[in-house]
Amino acid sequence: MEKALEKLKTEMDGDKNNKYVQVVGEFLIEYLNNNPQAAEQILAEGKTIKGSLVEMKEEARKHQVDGCGVLTDQEGFEVALKYFEIEQGAPVVSKLVTKNSNDFDVSLDDFLS
């Protein structure tokens, strides 16, 4: 697993200005930490974070409307796993997607007091 983490971090360090490489790289690191059995697929020859971004672009292009095609974070991460040929049974949930979901937490009592 360490070699797979090193591979991801090396690609991320080599392209620090590409926020997409950083986000997908962080997701894959998180995924790998929770699923160490996926290390072999991450280490596959020729498979890169940038390669997964190309796959995401192609997938978004298939669903474009009026020349604009986008994916949700969830869909993008699933495409990345598929690109690396990682089988996942349950939907992909990432802290990267959910970490800000509780930022706005108020109750009616907060306004009445």
# chains A, B, ... in the order shown; residues from 1 in each chain; ligands from 1
>>> residues_around(residues="Val21 of chain A", least_positions_apart="2", cutoff="7 Å", atoms="only C-alpha atoms", output="PyMOL selection string")
chain A and resi 12+18-19+23-25+49-50
>>> select_by_dssp(residues="segment 57-96 of chain A", states="alpha helix (DSSP H)", output="ChimeraX atom specification")
/A:57-62,73-83,95-96
>>> closest_residue(among="A:Ser52, A:Asn33, A:Gln64, A:Gln41", to="Tyr20 of chain A", atoms="only C-alpha atoms")
A:Ser52
>>> atom_distance(atom1="atom CA of Asp13 of chain A", atom2="atom CA of Val70 of chain A")
26.0 Å
>>> residues_around(residues="segment 71-85 of chain A", least_positions_apart="2", cutoff="7 Å", atoms="only C-alpha atoms", output="mmCIF file with N, CA and C atoms, in the first residue's frame")
data_model
loop_
_atom_site.group_PDB
_atom_site.id
_atom_site.type_symbol
_atom_site.label_atom_id
_atom_site.label_comp_id
_atom_site.auth_asym_id
_atom_site.auth_seq_id
_atom_site.Cartn_x
_atom_site.Cartn_y
_atom_site.Cartn_z
ATOM 1 N N GLN A 41 -4.305 -1.962 -7.999
ATOM 2 C CA GLN A 41 -4.910 -1.247 -9.131
ATOM 3 C C GLN A 41 -4.331 0.159 -9.264
ATOM 4 N N ILE A 42 -4.054 0.809 -8.143
ATOM 5 C CA ILE A 42 -3.457 2.152 -8.181
ATOM 6 C C ILE A 42 -2.066 2.072 -8.806
ATOM 7 N N LYS A 47 -1.514 3.939 -15.352
ATOM 8 C CA LYS A 47 -2.696 4.539 -14.728
ATOM 9 C C LYS A 47 -2.243 5.722 -13.869
ATOM 10 N N SER A 52 -7.312 9.578 -15.079
ATOM 11 C CA SER A 52 -8.687 9.498 -14.580
ATOM 12 C C SER A 52 -9.454 10.778 -14.899
ATOM 13 N N GLU A 55 -10.799 10.516 -18.338
ATOM 14 C CA GLU A 55 -12.000 9.670 -18.330
ATOM 15 C C GLU A 55 -13.220 10.454 -17.835
ATOM 16 N N MET A 56 -13.017 11.279 -16.812
ATOM 17 C CA MET A 56 -14.118 12.097 -16.299
ATOM 18 C C MET A 56 -14.608 13.075 -17.367
ATOM 19 N N ALA A 60 -18.371 13.195 -18.825
ATOM 20 C CA ALA A 60 -19.177 14.428 -18.785
ATOM 21 C C ALA A 60 -19.622 14.813 -20.196
ATOM 22 N N GLU A 87 -13.245 -2.149 -8.207
ATOM 23 C CA GLU A 87 -14.653 -2.493 -8.037
ATOM 24 C C GLU A 87 -15.111 -1.995 -6.672
ATOM 25 N N VAL A 92 -19.705 5.495 -3.400
ATOM 26 C CA VAL A 92 -18.513 6.148 -2.887
ATOM 27 C C VAL A 92 -18.934 7.359 -2.068
ATOM 28 N N VAL A 97 -16.358 15.255 -0.023
ATOM 29 C CA VAL A 97 -17.683 15.658 -0.480
ATOM 30 C C VAL A 97 -18.540 16.083 0.690
#
>>> closest_residue(among="A:Gly46, A:Glu11, A:Ala4, A:Lys62", to="Glu30 of chain A", atoms="only C-alpha atoms")
A:Ala4
>>> residues_around(residues="Leu5 of chain A", least_positions_apart="4", cutoff="9 Å", atoms="only C-alpha atoms", output="count of residues only")
9
>>> closest_residue(among="A:Tyr31, A:Glu2, A:Glu26, A:Lys57", to="Gly69 of chain A", atoms="only C-alpha atoms")
A:Lys57
>>> atom_distance(atom1="atom CA of Ala38 of chain A", atom2="atom CA of Leu8 of chain A")
12.7 Å
>>> atom_distance(atom1="atom CA of Lys7 of chain A", atom2="atom CA of Thr48 of chain A")
8.8 Å
